[in-house]
Amino acid sequence: MVLQRASVEVTWQDCTVSQNPSRVPPECESRLRRTDLLLYLVVRLEAHAPSVGKNALGFSIIPDKSDEAQMAYVCYPRVRALSHSTSFTADELLGLALAHEIGHLLLGTNEHCNRGIMRARWRPRDLEGRHWEEFLFTAEQAKRLQRAVVTRLESQKRRFALEVPKG
Ligand SMILES: [Zn+2]
């Protein structure tokens with residue numbers, strides 16, 4: 001919903017890690033496209049991002065220079081723990097945490113903002129009051145997200161055109 005309000009359409013694919021390779025959907029085996037983002041739901045965030053704060057729900061890997069960011073982690077036990085002290089359910093908070101990390105990946109920065117979903121710390125009063133409108137991207141961020149998606153789509157098309165000879 002948060003991304004939809006920013007006019008960014010998301011298609012989710014469950015690529016749960018399985019011991020049994022035949023259970024892995026073929027979509028999860030194919031090479032990443034520029035518009036694909038990998039969001040790992042993990043139990044121990046500190047195992048993947050040792051420098052991340054104790055209260056952080058997630059972490060995005062932002063590469064240097066012009067490489068596009070594609071990988072982020074969200075810690076479900078932390079999301080669930082936070083849900084106990086707020087009016088949001090764990091599922092709703094998980095969605096908000098994922099939207100926040102997708103924001104980092106598409107905006108290409110780990111920076112935060114003092115408004116909306118990209119706040120470094122969500123305010124207790126917004127969490128308690130279920131203030132959905134406080135968990136949206138700003139209009140300016142929404143524009144940057146849309147531009148980022150268009151850029152990725154275009155470079156993907158160019159790459160595809162180079163790889164698949166016509167005729
Ligand atoms: Zn953040």
# chains A, B, ... in the order shown; residues from 1 in each chain; ligands from 1

$ residues_near_ligand --ligand "ligand 1" --cutoff "8 Å" --atoms "only C-alpha atoms and all ligand atoms" --output "ChimeraX atom specification"
/A:56,58-60,100-101,104,110-112,118-120

$ write_last_selection --atoms "N, CA and C atoms" --output "mmCIF file, in the first residue's frame"
data_model
loop_
_atom_site.group_PDB
_atom_site.id
_atom_site.type_symbol
_atom_site.label_atom_id
_atom_site.label_comp_id
_atom_site.auth_asym_id
_atom_site.auth_seq_id
_atom_site.Cartn_x
_atom_site.Cartn_y
_atom_site.Cartn_z
ATOM 1 N N ALA A 56 17.171 -1.413 15.155
ATOM 2 C CA ALA A 56 16.846 -1.363 13.722
ATOM 3 C C ALA A 56 16.040 -2.601 13.338
ATOM 4 N N GLY A 58 15.725 -3.370 10.051
ATOM 5 C CA GLY A 58 16.289 -3.885 8.814
ATOM 6 C C GLY A 58 17.552 -3.163 8.435
ATOM 7 N N PHE A 59 18.079 -3.582 7.297
ATOM 8 C CA PHE A 59 19.344 -3.041 6.826
ATOM 9 C C PHE A 59 19.408 -3.228 5.311
ATOM 10 N N SER A 60 19.824 -2.190 4.612
ATOM 11 C CA SER A 60 19.958 -2.282 3.157
ATOM 12 C C SER A 60 21.418 -2.187 2.773
ATOM 13 N N HIS A 100 10.201 0.532 3.818
ATOM 14 C CA HIS A 100 11.320 1.400 4.202
ATOM 15 C C HIS A 100 12.621 0.927 3.537
ATOM 16 N N GLU A 101 12.890 -0.377 3.584
ATOM 17 C CA GLU A 101 14.135 -0.887 2.972
ATOM 18 C C GLU A 101 14.079 -0.762 1.447
ATOM 19 N N HIS A 104 15.172 2.591 0.659
ATOM 20 C CA HIS A 104 16.642 2.729 0.650
ATOM 21 C C HIS A 104 17.223 2.192 -0.657
ATOM 22 N N ASN A 110 21.454 5.167 2.234
ATOM 23 C CA ASN A 110 21.032 4.770 3.578
ATOM 24 C C ASN A 110 20.566 5.963 4.405
ATOM 25 N N GLU A 111 20.410 7.094 3.745
ATOM 26 C CA GLU A 111 20.000 8.301 4.468
ATOM 27 C C GLU A 111 18.546 8.234 4.888
ATOM 28 N N HIS A 112 18.258 8.976 5.931
ATOM 29 C CA HIS A 112 16.884 9.062 6.415
ATOM 30 C C HIS A 112 16.355 10.474 6.242
ATOM 31 N N MET A 118 10.478 7.100 5.653
ATOM 32 C CA MET A 118 11.948 7.069 5.675
ATOM 33 C C MET A 118 12.544 7.737 6.923
ATOM 34 N N ARG A 119 11.710 7.950 7.945
ATOM 35 C CA ARG A 119 12.280 8.400 9.222
ATOM 36 C C ARG A 119 13.232 7.328 9.754
ATOM 37 N N ALA A 120 14.303 7.769 10.410
ATOM 38 C CA ALA A 120 15.233 6.808 11.019
ATOM 39 C C ALA A 120 14.532 6.064 12.148
#

$ residues_around --residues "A:Arg159" --least-positions-apart "6" --cutoff "12 Å" --atoms "only C-alpha atoms" --output "MDAnalysis selection string"
chainID A and resid 33:34 152:153 165

$ write_last_selection --atoms "N, CA, C and O atoms" --output "compact mmCIF listing (two decimals), in the first residue's frame"
# COMPACT_ATOMS: atom_id res chain seq x y z
N ARG A 33 17.14 -9.52 -12.43
CA ARG A 33 16.97 -8.39 -13.33
C ARG A 33 17.21 -7.11 -12.54
O ARG A 33 17.17 -7.13 -11.32
N ARG A 34 17.43 -6.02 -13.24
CA ARG A 34 17.74 -4.76 -12.55
C ARG A 34 16.59 -4.31 -11.63
O ARG A 34 16.82 -3.59 -10.67
N ARG A 152 15.83 1.76 -14.02
CA ARG A 152 16.16 0.33 -13.97
C ARG A 152 15.48 -0.44 -15.10
O ARG A 152 16.08 -1.32 -15.72
N LEU A 153 14.22 -0.08 -15.37
CA LEU A 153 13.50 -0.76 -16.45
C LEU A 153 14.19 -0.51 -17.78
O LEU A 153 14.34 -1.43 -18.59
N PRO A 165 20.01 -11.80 -29.50
CA PRO A 165 20.11 -11.36 -30.89
C PRO A 165 18.75 -11.55 -31.60
O PRO A 165 18.07 -12.56 -31.39

$ residues_around --residues "A:Leu32" --least-positions-apart "4" --cutoff "12 Å" --atoms "only C-alpha atoms" --output "list in words"
Glu27, Cys28, Asp36, Leu37, Leu38, Glu68, Ala69, Gln70, Met71, Arg152 and Gln156 of chain A

$ write_last_selection --atoms "N, CA and C atoms" --output "PDB file, in the first residue's frame"
ATOM      1  N   GLU A  27      11.412 -19.080 -10.926  1.00  0.00           N
ATOM      2  CA  GLU A  27      11.650 -17.628 -10.916  1.00  0.00           C
ATOM      3  C   GLU A  27      12.799 -17.270  -9.969  1.00  0.00           C
ATOM      4  N   CYS A  28      12.969 -18.103  -8.935  1.00  0.00           N
ATOM      5  CA  CYS A  28      14.001 -17.795  -7.931  1.00  0.00           C
ATOM      6  C   CYS A  28      15.378 -18.224  -8.396  1.00  0.00           C
ATOM      7  N   ASP A  36      14.731  -6.370  -9.970  1.00  0.00           N
ATOM      8  CA  ASP A  36      14.524  -7.331  -8.883  1.00  0.00           C
ATOM      9  C   ASP A  36      15.224  -6.850  -7.624  1.00  0.00           C
ATOM     10  N   LEU A  37      14.538  -6.964  -6.523  1.00  0.00           N
ATOM     11  CA  LEU A  37      15.134  -6.644  -5.230  1.00  0.00           C
ATOM     12  C   LEU A  37      15.045  -7.890  -4.358  1.00  0.00           C
ATOM     13  N   LEU A  38      16.125  -8.190  -3.674  1.00  0.00           N
ATOM     14  CA  LEU A  38      16.147  -9.362  -2.786  1.00  0.00           C
ATOM     15  C   LEU A  38      15.959  -8.893  -1.354  1.00  0.00           C
ATOM     16  N   GLU A  68      23.674  -0.536  -8.679  1.00  0.00           N
ATOM     17  CA  GLU A  68      22.325  -0.438  -8.131  1.00  0.00           C
ATOM     18  C   GLU A  68      22.161  -1.350  -6.924  1.00  0.00           C
ATOM     19  N   ALA A  69      21.514  -0.821  -5.907  1.00  0.00           N
ATOM     20  CA  ALA A  69      21.292  -1.596  -4.685  1.00  0.00           C
ATOM     21  C   ALA A  69      20.170  -2.606  -4.926  1.00  0.00           C
ATOM     22  N   GLN A  70      20.388  -3.835  -4.441  1.00  0.00           N
ATOM     23  CA  GLN A  70      19.367  -4.869  -4.673  1.00  0.00           C
ATOM     24  C   GLN A  70      19.055  -5.728  -3.460  1.00  0.00           C
ATOM     25  N   MET A  71      19.843  -5.586  -2.384  1.00  0.00           N
ATOM     26  CA  MET A  71      19.679  -6.522  -1.274  1.00  0.00           C
ATOM     27  C   MET A  71      19.432  -5.833   0.048  1.00  0.00           C
ATOM     28  N   ARG A 152      15.833   1.758 -14.022  1.00  0.00           N
ATOM     29  CA  ARG A 152      16.160   0.326 -13.970  1.00  0.00           C
ATOM     30  C   ARG A 152      15.480  -0.437 -15.098  1.00  0.00           C
ATOM     31  N   GLN A 156      17.470  -2.357 -18.068  1.00  0.00           N
ATOM     32  CA  GLN A 156      17.164  -3.779 -18.221  1.00  0.00           C
ATOM     33  C   GLN A 156      16.808  -4.104 -19.663  1.00  0.00           C
TER      34      GLN A 156
END

$ select_by_dssp --residues "chain A" --states "strand (DSSP E or B)" --output "list of chain:residue names"
A:Leu38, A:Leu39, A:Tyr40, A:Leu41, A:Val42, A:Gly58, A:Phe59, A:Ser60, A:Ile61, A:Met71, A:Ala72, A:Tyr73, A:Val74, A:Cys75

$ write_last_selection --atoms "N, CA and C atoms" --output "PDB file, in the first residue's frame"
ATOM      1  N   LEU A  38      16.125  -8.190  -3.674  1.00  0.00           N
ATOM      2  CA  LEU A  38      16.147  -9.362  -2.786  1.00  0.00           C
ATOM      3  C   LEU A  38      15.959  -8.893  -1.354  1.00  0.00           C
ATOM      4  N   LEU A  39      14.876  -9.336  -0.740  1.00  0.00           N
ATOM      5  CA  LEU A  39      14.599  -8.943   0.637  1.00  0.00           C
ATOM      6  C   LEU A  39      14.651 -10.190   1.509  1.00  0.00           C
ATOM      7  N   TYR A  40      15.662 -10.267   2.322  1.00  0.00           N
ATOM      8  CA  TYR A  40      15.831 -11.435   3.176  1.00  0.00           C
ATOM      9  C   TYR A  40      15.153 -11.198   4.518  1.00  0.00           C
ATOM     10  N   LEU A  41      14.268 -12.100   4.884  1.00  0.00           N
ATOM     11  CA  LEU A  41      13.671 -12.051   6.224  1.00  0.00           C
ATOM     12  C   LEU A  41      14.516 -12.946   7.108  1.00  0.00           C
ATOM     13  N   VAL A  42      15.166 -12.359   8.083  1.00  0.00           N
ATOM     14  CA  VAL A  42      16.132 -13.123   8.871  1.00  0.00           C
ATOM     15  C   VAL A  42      15.757 -13.099  10.352  1.00  0.00           C
ATOM     16  N   GLY A  58      15.725  -3.370  10.051  1.00  0.00           N
ATOM     17  CA  GLY A  58      16.289  -3.885   8.814  1.00  0.00           C
ATOM     18  C   GLY A  58      17.552  -3.163   8.435  1.00  0.00           C
ATOM     19  N   PHE A  59      18.079  -3.582   7.297  1.00  0.00           N
ATOM     20  CA  PHE A  59      19.344  -3.041   6.826  1.00  0.00           C
ATOM     21  C   PHE A  59      19.408  -3.228   5.311  1.00  0.00           C
ATOM     22  N   SER A  60      19.824  -2.190   4.612  1.00  0.00           N
ATOM     23  CA  SER A  60      19.958  -2.282   3.157  1.00  0.00           C
ATOM     24  C   SER A  60      21.418  -2.187   2.773  1.00  0.00           C
ATOM     25  N   ILE A  61      21.817  -2.983   1.816  1.00  0.00           N
ATOM     26  CA  ILE A  61      23.188  -2.904   1.318  1.00  0.00           C
ATOM     27  C   ILE A  61      23.209  -1.916   0.152  1.00  0.00           C
ATOM     28  N   MET A  71      19.843  -5.586  -2.384  1.00  0.00           N
ATOM     29  CA  MET A  71      19.679  -6.522  -1.274  1.00  0.00           C
ATOM     30  C   MET A  71      19.432  -5.833   0.048  1.00  0.00           C
ATOM     31  N   ALA A  72      18.431  -6.332   0.768  1.00  0.00           N
ATOM     32  CA  ALA A  72      18.164  -5.782   2.097  1.00  0.00           C
ATOM     33  C   ALA A  72      17.733  -6.912   3.029  1.00  0.00           C
ATOM     34  N   TYR A  73      17.885  -6.642   4.311  1.00  0.00           N
ATOM     35  CA  TYR A  73      17.490  -7.616   5.329  1.00  0.00           C
ATOM     36  C   TYR A  73      16.438  -6.983   6.230  1.00  0.00           C
ATOM     37  N   VAL A  74      15.470  -7.772   6.628  1.00  0.00           N
ATOM     38  CA  VAL A  74      14.524  -7.334   7.652  1.00  0.00           C
ATOM     39  C   VAL A  74      14.456  -8.448   8.693  1.00  0.00           C
ATOM     40  N   CYS A  75      14.476  -8.042   9.950  1.00  0.00           N
ATOM     41  CA  CYS A  75      14.510  -9.008  11.048  1.00  0.00           C
ATOM     42  C   CYS A  75      13.098  -9.223  11.586  1.00  0.00           C
TER      43      CYS A  75
END

$ closest_residue --among "A:Ala49, A:Asn20, A:Val43, A:Gly116" --to "A:Arg80" --atoms "only C-alpha atoms"
A:Val43

$ decode --residues "stretch 96-120 of chain A" --atoms "N, CA and C atoms" --output "short mmCIF file (atom, residue, chain, number, x, y, z; two decimals), in the first residue's frame"
data_model
loop_
_atom_site.label_atom_id
_atom_site.label_comp_id
_atom_site.auth_asym_id
_atom_site.auth_seq_id
_atom_site.Cartn_x
_atom_site.Cartn_y
_atom_site.Cartn_z
N LEU A 96 5.61 -2.32 6.52
CA LEU A 96 6.21 -0.98 6.63
C LEU A 96 7.73 -1.07 6.60
N ALA A 97 8.28 -2.07 7.31
CA ALA A 97 9.74 -2.24 7.34
C ALA A 97 10.26 -2.57 5.94
N LEU A 98 9.53 -3.42 5.21
CA LEU A 98 9.96 -3.77 3.85
C LEU A 98 9.88 -2.54 2.94
N ALA A 99 8.82 -1.75 3.09
CA ALA A 99 8.68 -0.55 2.26
C ALA A 99 9.84 0.41 2.54
N HIS A 100 10.20 0.53 3.82
CA HIS A 100 11.32 1.40 4.20
C HIS A 100 12.62 0.93 3.54
N GLU A 101 12.89 -0.38 3.58
CA GLU A 101 14.13 -0.89 2.97
C GLU A 101 14.08 -0.76 1.45
N ILE A 102 12.92 -1.01 0.86
CA ILE A 102 12.79 -0.83 -0.60
C ILE A 102 13.06 0.63 -0.95
N GLY A 103 12.64 1.54 -0.05
CA GLY A 103 12.95 2.96 -0.23
C GLY A 103 14.45 3.18 -0.28
N HIS A 104 15.17 2.59 0.66
CA HIS A 104 16.64 2.73 0.65
C HIS A 104 17.22 2.19 -0.66
N LEU A 105 16.76 1.01 -1.08
CA LEU A 105 17.35 0.37 -2.26
C LEU A 105 17.09 1.21 -3.52
N LEU A 106 15.86 1.66 -3.67
CA LEU A 106 15.53 2.39 -4.90
C LEU A 106 16.08 3.82 -4.87
N LEU A 107 16.11 4.41 -3.69
CA LEU A 107 16.66 5.77 -3.59
C LEU A 107 18.19 5.72 -3.61
N GLY A 108 18.74 4.51 -3.37
CA GLY A 108 20.19 4.32 -3.48
C GLY A 108 20.98 4.96 -2.36
N THR A 109 20.38 5.09 -1.21
CA THR A 109 21.08 5.71 -0.09
C THR A 109 20.57 5.14 1.24
N ASN A 110 21.45 5.17 2.23
CA ASN A 110 21.03 4.77 3.58
C ASN A 110 20.57 5.96 4.41
N GLU A 111 20.41 7.09 3.74
CA GLU A 111 20.00 8.30 4.47
C GLU A 111 18.55 8.23 4.89
N HIS A 112 18.26 8.98 5.93
CA HIS A 112 16.88 9.06 6.42
C HIS A 112 16.35 10.47 6.24
N CYS A 113 15.11 10.63 6.62
CA CYS A 113 14.41 11.87 6.36
C CYS A 113 13.58 12.13 7.62
N ASN A 114 13.26 13.36 7.90
CA ASN A 114 12.50 13.60 9.13
C ASN A 114 10.99 13.54 8.95
N ARG A 115 10.56 13.00 7.82
CA ARG A 115 9.13 12.84 7.58
C ARG A 115 8.85 11.47 6.97
N GLY A 116 7.68 10.93 7.28
CA GLY A 116 7.20 9.76 6.55
C GLY A 116 7.93 8.46 6.84
N ILE A 117 7.75 7.52 5.90
CA ILE A 117 8.25 6.15 6.06
C ILE A 117 9.77 6.11 6.19
N MET A 118 10.48 7.10 5.65
CA MET A 118 11.95 7.07 5.67
C MET A 118 12.54 7.74 6.92
N ARG A 119 11.71 7.95 7.95
CA ARG A 119 12.28 8.40 9.22
C ARG A 119 13.23 7.33 9.75
N ALA A 120 14.30 7.77 10.41
CA ALA A 120 15.23 6.81 11.02
C ALA A 120 14.53 6.06 12.15
#
